[in-house]
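Coordinates from my_file_32.txt are shown below (compact mmCIF, C-alpha atoms).
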```
# COMPACT_ATOMS: atom_id res chain seq x y z
CA MET A 1 27.43 34.95 -0.32
CA ILE A 2 29.45 32.07 1.07
CA GLU A 3 27.04 29.70 2.78
CA ILE A 4 27.58 26.43 4.59
CA LYS A 5 24.50 24.33 5.29
CA LYS A 6 24.92 21.87 8.16
CA ASP A 7 22.84 18.76 7.47
CA PRO A 8 24.12 15.92 9.71
CA ILE A 9 21.00 13.74 9.23
CA ARG A 10 21.18 14.10 5.43
CA PHE A 11 17.81 15.74 5.26
CA ILE A 12 18.63 17.50 1.98
CA ARG A 13 18.08 14.89 -0.71
CA LYS A 14 18.80 17.20 -3.64
CA PRO A 15 21.46 19.86 -2.92
CA PRO A 16 21.20 23.23 -4.71
CA SER A 17 22.65 23.29 -8.21
CA GLY A 18 26.41 23.83 -8.10
CA ALA A 19 26.68 23.20 -4.37
CA LEU A 20 29.67 21.35 -2.97
CA LEU A 21 28.52 18.23 -1.12
CA VAL A 22 30.56 17.04 1.87
CA GLN A 23 29.55 13.57 3.08
CA THR A 24 32.76 12.13 4.59
CA THR A 25 35.76 13.46 6.47
CA ASN A 26 37.82 12.75 3.35
CA ASP A 27 35.88 15.56 1.65
CA TYR A 28 37.00 18.09 4.26
CA PRO A 29 40.39 19.09 2.72
CA ARG A 30 38.76 19.75 -0.64
CA MET A 31 36.04 21.76 1.09
CA CYS A 32 38.65 23.95 2.79
CA LEU A 33 40.45 24.56 -0.51
CA GLU A 34 37.20 25.52 -2.24
CA LEU A 35 36.25 27.74 0.68
CA ARG A 36 39.56 29.61 0.71
CA SER A 37 39.41 30.02 -3.06
CA ALA A 38 35.91 31.49 -2.85
CA LEU A 39 36.99 33.87 -0.09
CA GLN A 40 40.03 35.06 -2.04
CA GLU A 41 38.06 35.52 -5.26
CA ASN A 42 35.04 36.97 -3.50
CA ARG A 43 32.70 34.59 -5.32
CA PRO A 44 29.57 32.91 -3.94
CA ILE A 45 29.59 29.27 -3.00
CA THR A 46 27.18 26.93 -1.23
CA ILE A 47 28.52 23.97 0.72
CA VAL A 48 26.24 21.26 2.09
CA VAL A 49 27.87 19.31 4.93
CA GLN A 50 26.24 15.94 5.62
CA ASN A 51 28.83 14.44 7.94
CA PRO A 52 28.26 14.93 11.70
CA LEU A 53 31.97 15.24 12.52
CA VAL A 54 32.61 17.78 9.78
CA CYS A 55 29.55 19.70 10.98
CA ASP A 56 31.30 20.07 14.34
CA TRP A 57 34.39 21.44 12.61
CA ILE A 58 32.35 24.13 10.85
CA ASP A 59 32.11 26.16 14.07
CA ALA A 60 35.90 26.55 14.12
CA LEU A 61 35.87 27.67 10.48
CA LYS A 62 33.20 30.23 11.29
CA ARG A 63 35.43 31.73 14.00
CA CYS A 64 38.28 32.03 11.49
CA TYR A 65 36.10 33.39 8.70
CA PRO A 66 33.20 35.38 10.23
CA GLU A 67 31.94 36.36 6.78
CA ILE A 68 30.80 32.78 6.20
CA VAL A 69 27.04 32.30 6.67
CA VAL A 70 26.36 29.03 8.50
CA THR A 71 22.83 27.64 8.61
CA GLU A 72 21.45 24.40 10.01
CA CYS A 73 18.73 22.29 8.44
CA ASP A 74 15.75 22.19 10.77
CA PRO A 75 13.24 19.55 9.62
CA LEU A 76 11.00 20.29 12.59
CA GLN A 77 10.63 23.96 11.68
CA GLU A 78 10.08 23.06 8.05
CA LEU A 79 7.34 20.66 9.14
CA ARG A 80 5.72 23.35 11.30
CA ASP A 81 5.69 25.64 8.28
CA HIS A 82 4.38 22.82 6.07
CA LEU A 83 1.47 22.11 8.43
CA GLY A 84 0.79 25.70 9.47
CA THR A 85 1.28 24.92 13.15
CA THR A 86 3.54 25.99 16.00
CA SER A 87 3.36 22.75 17.97
CA LEU A 88 4.63 19.24 17.18
CA PRO A 89 4.54 16.00 19.21
CA PRO A 90 7.50 16.08 21.64
CA ASP A 91 8.72 12.64 20.55
CA LEU A 92 8.86 13.61 16.86
CA THR A 93 12.57 14.07 16.09
CA PRO A 94 14.27 15.60 13.04
CA GLN A 95 15.49 12.11 12.17
CA ALA A 96 11.92 10.78 12.24
CA VAL A 97 10.68 13.63 10.04
CA ASN A 98 13.32 12.64 7.53
CA GLU A 99 12.73 8.88 7.76
CA LEU A 100 8.95 9.21 7.52
CA GLY A 101 9.13 11.58 4.56
CA LEU A 102 6.63 13.93 6.21
CA LEU A 103 7.62 16.92 4.10
CA ASN A 104 6.90 14.90 0.97
CA LEU A 105 3.24 14.54 1.98
CA PRO A 106 0.71 16.91 0.37
CA LYS A 107 0.52 20.28 2.07
CA PRO A 108 -2.78 20.53 3.98
CA THR A 109 -5.27 23.11 2.76
CA GLU A 110 -5.94 24.20 6.36
CA PRO A 111 -3.59 24.53 9.34
CA VAL A 112 -3.22 21.22 11.15
CA VAL A 113 -4.35 21.33 14.78
CA TYR A 114 -3.79 17.71 15.79
CA VAL A 115 -0.46 16.84 14.19
CA LYS A 116 -0.22 13.28 15.48
CA SER A 117 -3.70 12.49 14.16
CA TRP A 118 -2.84 14.01 10.79
CA ILE A 119 0.36 11.97 10.50
CA LEU A 120 -1.40 8.73 11.46
CA SER A 121 -4.21 9.35 8.98
CA GLN A 122 -1.70 10.04 6.22
CA LEU A 123 0.76 7.22 6.88
CA VAL A 124 -1.42 4.48 8.38
CA GLY A 125 -5.08 5.00 7.56
CA GLU A 126 -7.91 7.46 7.97
CA CYS A 127 -9.38 5.57 10.92
CA TRP A 128 -6.14 6.06 12.88
CA GLY A 129 -6.54 9.82 12.72
CA VAL A 130 -9.71 9.68 14.82
CA GLY A 131 -9.35 10.92 18.37
CA THR A 132 -12.57 9.85 20.10
CA PRO A 133 -14.63 7.10 18.40
CA ASP A 134 -18.19 7.94 17.39
CA PRO A 135 -20.96 6.18 19.37
CA ARG A 136 -22.58 4.62 16.28
CA TRP A 137 -19.94 1.95 15.59
CA GLN A 138 -18.71 3.62 12.38
CA HIS A 139 -15.14 3.91 13.61
CA PHE A 140 -15.16 0.42 15.13
CA VAL A 141 -16.16 -1.05 11.77
CA GLY A 142 -13.64 1.18 9.95
CA LEU A 143 -10.88 -0.13 12.21
CA ALA A 144 -11.92 -3.74 11.59
CA SER A 145 -11.89 -3.03 7.85
CA TRP A 146 -8.38 -1.60 8.16
CA TYR A 147 -7.11 -4.75 9.87
CA LEU A 148 -8.66 -6.86 7.11
CA ALA A 149 -6.64 -4.94 4.53
CA GLU A 150 -3.33 -4.88 6.44
CA ALA A 151 -1.05 -7.88 6.83
CA SER A 152 0.84 -6.47 9.84
CA CYS A 153 1.59 -3.33 11.84
CA THR A 154 5.25 -4.20 12.22
CA GLY A 155 6.19 -2.71 8.87
CA HIS A 156 5.56 0.79 10.17
CA HIS A 157 8.24 3.06 11.61
CA GLN A 158 8.92 2.47 15.32
CA LEU A 159 7.49 5.87 16.25
CA ILE A 160 4.32 5.18 14.27
CA GLN A 161 3.89 1.82 16.02
CA LYS A 162 4.23 3.61 19.36
CA TRP A 163 1.59 6.16 18.38
CA MET A 164 -0.73 3.41 17.14
CA LEU A 165 -0.53 1.67 20.51
CA GLU A 166 -1.17 4.95 22.31
CA ARG A 167 -4.14 5.60 20.05
CA CYS A 168 -5.63 2.15 20.79
CA ASN A 169 -5.33 2.79 24.54
CA HIS A 170 -6.87 6.23 24.04
CA TRP A 171 -9.88 4.78 22.22
CA ILE A 172 -10.49 2.24 24.96
CA GLY A 173 -10.27 4.89 27.64
CA ASN A 174 -12.29 7.63 25.93
CA CYS A 175 -15.46 6.13 24.49
CA GLU A 176 -18.82 4.90 25.74
CA THR A 177 -18.69 1.91 28.09
CA TYR A 178 -20.31 -0.47 25.61
CA LEU A 179 -17.73 0.53 23.00
CA GLN A 180 -14.83 0.13 25.42
CA LYS A 181 -15.63 -3.58 25.77
CA ALA A 182 -15.90 -3.96 22.00
CA TYR A 183 -12.56 -2.25 21.35
CA ARG A 184 -10.83 -4.36 24.00
CA TRP A 185 -12.21 -7.50 22.38
CA LEU A 186 -11.21 -6.49 18.83
CA LEU A 187 -7.75 -5.18 19.70
CA ALA A 188 -6.82 -8.26 21.74
CA ASP A 189 -6.39 -10.16 18.44
CA PRO A 190 -7.36 -7.66 15.73
CA TYR A 191 -6.43 -9.51 12.55
CA LEU A 192 -8.30 -12.68 13.48
CA ARG A 193 -11.26 -10.96 15.11
CA ALA A 194 -11.77 -8.57 12.20
CA LYS A 195 -12.12 -11.67 9.99
CA LEU A 196 -14.53 -13.16 12.51
CA LEU A 197 -16.71 -10.05 12.40
CA LEU A 198 -16.76 -10.16 8.61
CA CYS A 199 -17.65 -13.86 8.59
CA ARG A 200 -20.52 -13.25 10.99
CA GLN A 201 -21.87 -10.45 8.79
CA ILE A 202 -21.66 -12.58 5.65
CA LEU A 203 -23.29 -15.59 7.32
CA LEU A 204 -26.09 -13.71 9.11
CA PRO A 205 -28.87 -15.24 6.91
CA TYR A 206 -27.95 -18.73 8.14
CA GLU A 207 -28.70 -20.52 11.41
CA TYR A 208 -26.31 -19.67 14.23
CA SER A 209 -25.09 -23.25 14.61
CA GLN A 210 -24.35 -23.39 10.88
CA GLN A 211 -22.51 -20.08 11.13
CA GLN A 212 -20.26 -21.47 13.85
CA ASP A 213 -19.52 -24.63 11.87
CA TRP A 214 -18.46 -22.58 8.86
CA ILE A 215 -16.47 -20.08 10.90
CA ARG A 216 -14.67 -22.98 12.57
CA ALA A 217 -13.84 -24.40 9.15
CA ILE A 218 -12.75 -21.03 7.73
CA LEU A 219 -10.68 -19.73 10.64
CA GLY A 220 -9.55 -23.08 11.97
CA CYS A 221 -10.45 -22.36 15.58
CA GLU A 222 -13.31 -21.66 17.96
CA HIS A 223 -14.17 -17.99 18.17
CA PHE A 224 -17.35 -16.18 19.02
CA VAL A 225 -18.44 -12.57 18.76
CA PRO A 226 -19.58 -11.44 22.22
CA ASP A 227 -23.20 -10.44 22.70
CA TYR A 228 -22.33 -6.80 23.43
CA ILE A 229 -21.32 -6.33 19.77
CA PRO A 230 -24.59 -5.96 17.80
CA ILE A 231 -23.66 -7.76 14.59
CA ARG A 232 -27.02 -7.07 12.93
CA GLN A 233 -26.80 -3.33 13.61
CA LEU A 234 -23.17 -2.84 12.59
CA PRO A 235 -22.35 -0.93 9.39
CA GLN A 236 -20.99 -3.18 6.66
CA ILE A 237 -17.32 -4.07 7.07
CA SER A 238 -15.35 -3.20 3.95
CA ARG A 239 -14.02 -6.11 1.89
CA GLU A 240 -12.52 -3.94 -0.84
CA LYS A 241 -8.90 -5.01 -0.24
CA LEU A 242 -9.56 -8.47 1.17
CA LEU A 243 -8.73 -11.55 -0.88
CA VAL A 244 -11.05 -14.51 -0.41
CA ALA A 245 -7.97 -16.70 0.06
CA GLU A 246 -7.00 -14.64 3.10
CA LEU A 247 -9.94 -16.01 5.03
```
Would you give me this structure, written as C-alpha cells?
Amino acid sequence: MIEIKKDPIRFIRKPPSGALLVQTTNDYPRMCLELRSALQENRPITIVVQNPLVCDWIDALKRCYPEIVVTECDPLQELRDHLGTTSLPPDLTPQAVNELGLLNLPKPTEPVVYVKSWILSQLVGECWGVGTPDPRWQHFVGLASWYLAEASCTGHHQLIQKWMLERCNHWIGNCETYLQKAYRWLLADPYLRAKLLLCRQILLPYEYSQQQDWIRAILGCEHFVPDYIPIRQLPQISREKLLVAEL
C-alpha cells in the first residue's frame, strides 16, 4: 500500500519505521521521486507530510494517482478513543491536544464523562477536577493547599488558564451561599490568602491579637480572615509542598 499521512501540526512525534518524512517544501521533489518509484515498482511506502503547504499539494497528487491512500491525523478522534468518549470541549483544538500532550497521559480505566474536569485534574491538580464543591469545606481547603504549593498559574497553557478561570466562576456560582463568600474571598488574592489561612490555623492556640502581630510580621501586611470562614472547623490545610521560607 502507498500511504500518505497528512500531519500539518506535527502530531506524529515518531514516524513509522522506514517512513519518508516531509517537513519542508524543499522535501517535496524528493517525495515525488520516491512516490513515482514506489508506484512503478509496485512497492509499499509510507510518507508522513508535516508541512501545511505540502499537505495542500497532496490533494492534487491524489487526483493524479487515485491508488494512493491519503489519511489525516486526527488528534481529537484519537483523544476520544483514548478517553472512551464521543464528546470533547468545543474549544479543545487538535493543536491544543498536541501541545498539552493529552494522549501521553495514562489511559483511564473507565470512560471519561466530564472531559474538561479530567484534563484539569490531570494537568493542574485533583481539586481542579471538582465540579460542584462539597458543603463541608474539604474542597475549599484543598484549593488553598494547591495555591500554597504552586508559585503561579501563568505557567499553564493558555487554554488551561481559561478553563481554570471558568472553573473558579463555576464554583462561586454553584455552591452554598456561605461557601460562595468564602471562595470569592480566597480567589480574590489566592496565593496570599491561602498563606493567611495556614498561618491562622498554625497560630490558633495563641491569643488573637498575638496572631495578628505575627501574621503582620510574616506576610508583611494587614490581612484578616473574615468571620464567615470557620477557621477552627476547617480541615487541616496541607503543608506538604510548602517551604517555611515561602511564608
Q) Which neighbours of range 55-58 of chain A fall inside 9 Å, counting all atoms listed in the file, when residues of the same chain fewer than 2 positions from it are skipped, and could you give them as a PyMOL selection string? A) chain A and resi 4-8+49-53+60-63+70
Q: Work out how far CA of Val48 in chain A is from CA of Pro16 in chain A, in Å to one decimal.
A: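 Answer for the CA of Pro16 in chain A to CA of Val48 in chain A separation: 8.7 Å.
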Q: Find the residues near Pro44 in chain A: any atom within 9 Å, counting only C-alpha atoms, skip ones fewer than 4 places away on the same chain, and give them as a PyMOL selection string.
A: chain A and resi 1-3+38-39
Could the residues in this selection be written to a file with C-alpha atoms, as an mmCIF file, keeping the file's coordinate frame?
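The resulting file, again.cif, is reproduced below:
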```cif
data_model
loop_
_atom_site.group_PDB
_atom_site.id
_atom_site.type_symbol
_atom_site.label_atom_id
_atom_site.label_comp_id
_atom_site.auth_asym_id
_atom_site.auth_seq_id
_atom_site.Cartn_x
_atom_site.Cartn_y
_atom_site.Cartn_z
ATOM 1 C CA MET A 1 27.430 34.950 -0.320
ATOM 2 C CA ILE A 2 29.450 32.070 1.070
ATOM 3 C CA GLU A 3 27.040 29.700 2.780
ATOM 4 C CA ALA A 38 35.910 31.490 -2.850
ATOM 5 C CA LEU A 39 36.990 33.870 -0.090
#
```
Box time for range 147-157 of chain A: axis-aligned, enclosing all its listed atoms, 8 Å extra on each side; report centre and edge lengths in Å to one decimal, as lines of an AutoDock Vina configuration file.
```
center_x = -0.2
center_y = -2.4
center_z = 8.4
size_x = 32.9
size_y = 26.9
size_z = 23.7
```
Q. Any idea what's packed within 9 Å of Ala194 in chain A, counting all atoms listed in the file, ignoring anything in its chain fewer than 2 positions away? Could you give it as a list in words?
A. Val141, Leu143, Ala144, Ser145, Trp146, Tyr147, Leu148, Leu186, Asp189, Pro190, Tyr191, Leu192, Leu196, Leu197, Leu198, Cys199 and Ile237 of chain A
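Here the question is which of A:Ile229, A:Ala96, A:Leu187, A:Leu179 gets nearest to Leu165 in chain A using only C-alpha atoms, and that residue is A:Leu187.
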Q.
Just the number, please: distance in Å from CA of Ile172 in chain A to CA of Pro89 in chain A, one decimal.
A. 21.2 Å
Q. Could you pull the residues within 12 Å of Arg184 in chain A, counting all atoms listed in the file, minus those fewer than 6 positions along the same chain, as a list in words?
A. Phe140, Cys168, Asn169, His170, Trp171, Ile172, Gly173, Cys175, Thr177, Tyr178, Pro190, Arg193, Pro226, Tyr228 and Ile229 of chain A
Q | Test item: residues at most 12 Å from Leu159 in chain A, all atoms listed in the file, excluding those fewer than 6 positions along its chain, as a list in words | A | Pro89, Pro90, Asp91, Leu92, Thr93, Gln95, Ala96, Val97, Glu99, Leu100, Lys116, Ile119, Leu120, Leu123, Val124, Cys153, Leu165 and Glu166 of chain A
Export, as a compact mmCIF listing (two decimals), in the coordinates of the input, the selected residues with C-alpha atoms.
```txt
# COMPACT_ATOMS: atom_id res chain seq x y z
CA PRO A 89 4.54 16.00 19.21
CA PRO A 90 7.50 16.08 21.64
CA ASP A 91 8.72 12.64 20.55
CA LEU A 92 8.86 13.61 16.86
CA THR A 93 12.57 14.07 16.09
CA GLN A 95 15.49 12.11 12.17
CA ALA A 96 11.92 10.78 12.24
CA VAL A 97 10.68 13.63 10.04
CA GLU A 99 12.73 8.88 7.76
CA LEU A 100 8.95 9.21 7.52
CA LYS A 116 -0.22 13.28 15.48
CA ILE A 119 0.36 11.97 10.50
CA LEU A 120 -1.40 8.73 11.46
CA LEU A 123 0.76 7.22 6.88
CA VAL A 124 -1.42 4.48 8.38
CA CYS A 153 1.59 -3.33 11.84
CA LEU A 165 -0.53 1.67 20.51
CA GLU A 166 -1.17 4.95 22.31
```
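Across the model, the gap from CA of Ala217 in chain A to CA of Pro205 in chain A is 17.7 Å.
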Q: Go through A:Tyr208, A:Leu105, A:Phe224, A:Tyr183 and flag the residue nearest Lys195 in chain A, using all atoms listed in the file for the distances.
A: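 Nearest to Lys195 in chain A: A:Phe224.
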**Q.** Shortest interatomic distance to Ile68 in chain A - which of A:Thr132, A:Gln212, A:Asn98, A:Asn42, counting all atoms listed in the file
**A.**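 Using all atoms listed in the file, Ile68 in chain A sits closest to A:Asn42.
Across A:Ile231, A:Arg36, A:Ile9, A:Gly101, the tightest approach to Glu67 in chain A is made by A:Arg36 when counting only C-alpha atoms.
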How would range 73-109 of chain A read, as a compact mmCIF listing (two decimals), in the frame of the given file, once N, CA and C atoms are built in?
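To be explicit, this is the file written out as part19.txt:
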```
# COMPACT_ATOMS: atom_id res chain seq x y z
N CYS A 73 20.02 22.81 8.88
CA CYS A 73 18.73 22.29 8.44
C CYS A 73 17.88 21.99 9.67
N ASP A 74 16.66 22.42 9.64
CA ASP A 74 15.75 22.19 10.77
C ASP A 74 14.47 21.55 10.24
N PRO A 75 14.44 20.22 10.13
CA PRO A 75 13.24 19.55 9.62
C PRO A 75 12.00 19.84 10.44
N LEU A 76 12.17 20.03 11.75
CA LEU A 76 11.00 20.29 12.59
C LEU A 76 10.37 21.63 12.24
N GLN A 77 11.19 22.66 12.04
CA GLN A 77 10.63 23.96 11.68
C GLN A 77 10.01 23.91 10.30
N GLU A 78 10.66 23.20 9.39
CA GLU A 78 10.08 23.06 8.05
C GLU A 78 8.74 22.35 8.11
N LEU A 79 8.62 21.36 9.00
CA LEU A 79 7.34 20.66 9.14
C LEU A 79 6.28 21.58 9.75
N ARG A 80 6.68 22.38 10.73
CA ARG A 80 5.72 23.35 11.30
C ARG A 80 5.20 24.28 10.21
N ASP A 81 6.10 24.76 9.37
CA ASP A 81 5.69 25.64 8.28
C ASP A 81 4.79 24.89 7.30
N HIS A 82 5.13 23.64 7.03
CA HIS A 82 4.38 22.82 6.07
C HIS A 82 2.95 22.59 6.55
N LEU A 83 2.79 22.42 7.87
CA LEU A 83 1.47 22.11 8.43
C LEU A 83 0.74 23.35 8.94
N GLY A 84 1.42 24.49 8.96
CA GLY A 84 0.79 25.70 9.47
C GLY A 84 0.53 25.65 10.96
N THR A 85 1.47 25.07 11.70
CA THR A 85 1.28 24.92 13.15
C THR A 85 2.53 25.40 13.88
N THR A 86 2.39 25.61 15.17
CA THR A 86 3.54 25.99 16.00
C THR A 86 3.93 24.88 16.96
N SER A 87 3.14 23.82 16.99
CA SER A 87 3.36 22.75 17.97
C SER A 87 3.46 21.40 17.28
N LEU A 88 4.44 20.60 17.69
CA LEU A 88 4.63 19.24 17.18
C LEU A 88 4.70 18.27 18.35
N PRO A 89 4.40 16.99 18.13
CA PRO A 89 4.54 16.00 19.21
C PRO A 89 5.97 16.00 19.75
N PRO A 90 6.15 15.98 21.06
CA PRO A 90 7.50 16.08 21.64
C PRO A 90 8.42 14.93 21.27
N ASP A 91 7.86 13.78 20.90
CA ASP A 91 8.72 12.64 20.55
C ASP A 91 9.00 12.55 19.05
N LEU A 92 8.57 13.56 18.29
CA LEU A 92 8.86 13.61 16.86
C LEU A 92 10.21 14.30 16.67
N THR A 93 11.21 13.55 16.24
CA THR A 93 12.57 14.07 16.09
C THR A 93 12.84 14.48 14.64
N PRO A 94 13.88 15.29 14.42
CA PRO A 94 14.27 15.60 13.04
C PRO A 94 14.55 14.35 12.22
N GLN A 95 15.19 13.37 12.86
CA GLN A 95 15.49 12.11 12.17
C GLN A 95 14.20 11.43 11.72
N ALA A 96 13.19 11.42 12.58
CA ALA A 96 11.92 10.78 12.24
C ALA A 96 11.21 11.52 11.11
N VAL A 97 11.27 12.85 11.14
CA VAL A 97 10.68 13.63 10.04
C VAL A 97 11.29 13.22 8.72
N ASN A 98 12.60 13.04 8.73
CA ASN A 98 13.32 12.64 7.53
C ASN A 98 12.96 11.22 7.11
N GLU A 99 12.99 10.29 8.07
CA GLU A 99 12.73 8.88 7.76
C GLU A 99 11.29 8.64 7.31
N LEU A 100 10.36 9.38 7.87
CA LEU A 100 8.95 9.21 7.52
C LEU A 100 8.56 9.96 6.25
N GLY A 101 9.44 10.83 5.78
CA GLY A 101 9.13 11.58 4.56
C GLY A 101 7.95 12.52 4.73
N LEU A 102 7.81 13.11 5.92
CA LEU A 102 6.63 13.93 6.21
C LEU A 102 6.53 15.16 5.33
N LEU A 103 7.67 15.72 4.94
CA LEU A 103 7.62 16.92 4.10
C LEU A 103 7.32 16.59 2.65
N ASN A 104 7.29 15.31 2.33
CA ASN A 104 6.90 14.90 0.97
C ASN A 104 5.39 14.68 0.86
N LEU A 105 4.70 14.71 2.00
CA LEU A 105 3.24 14.54 1.98
C LEU A 105 2.59 15.83 1.48
N PRO A 106 1.39 15.70 0.88
CA PRO A 106 0.71 16.91 0.37
C PRO A 106 0.51 17.95 1.47
N LYS A 107 0.72 19.19 1.11
CA LYS A 107 0.52 20.28 2.07
C LYS A 107 -0.97 20.42 2.37
N PRO A 108 -1.36 20.40 3.63
CA PRO A 108 -2.78 20.53 3.98
C PRO A 108 -3.35 21.87 3.53
N THR A 109 -4.62 21.87 3.18
CA THR A 109 -5.27 23.11 2.76
C THR A 109 -5.59 24.02 3.94
```
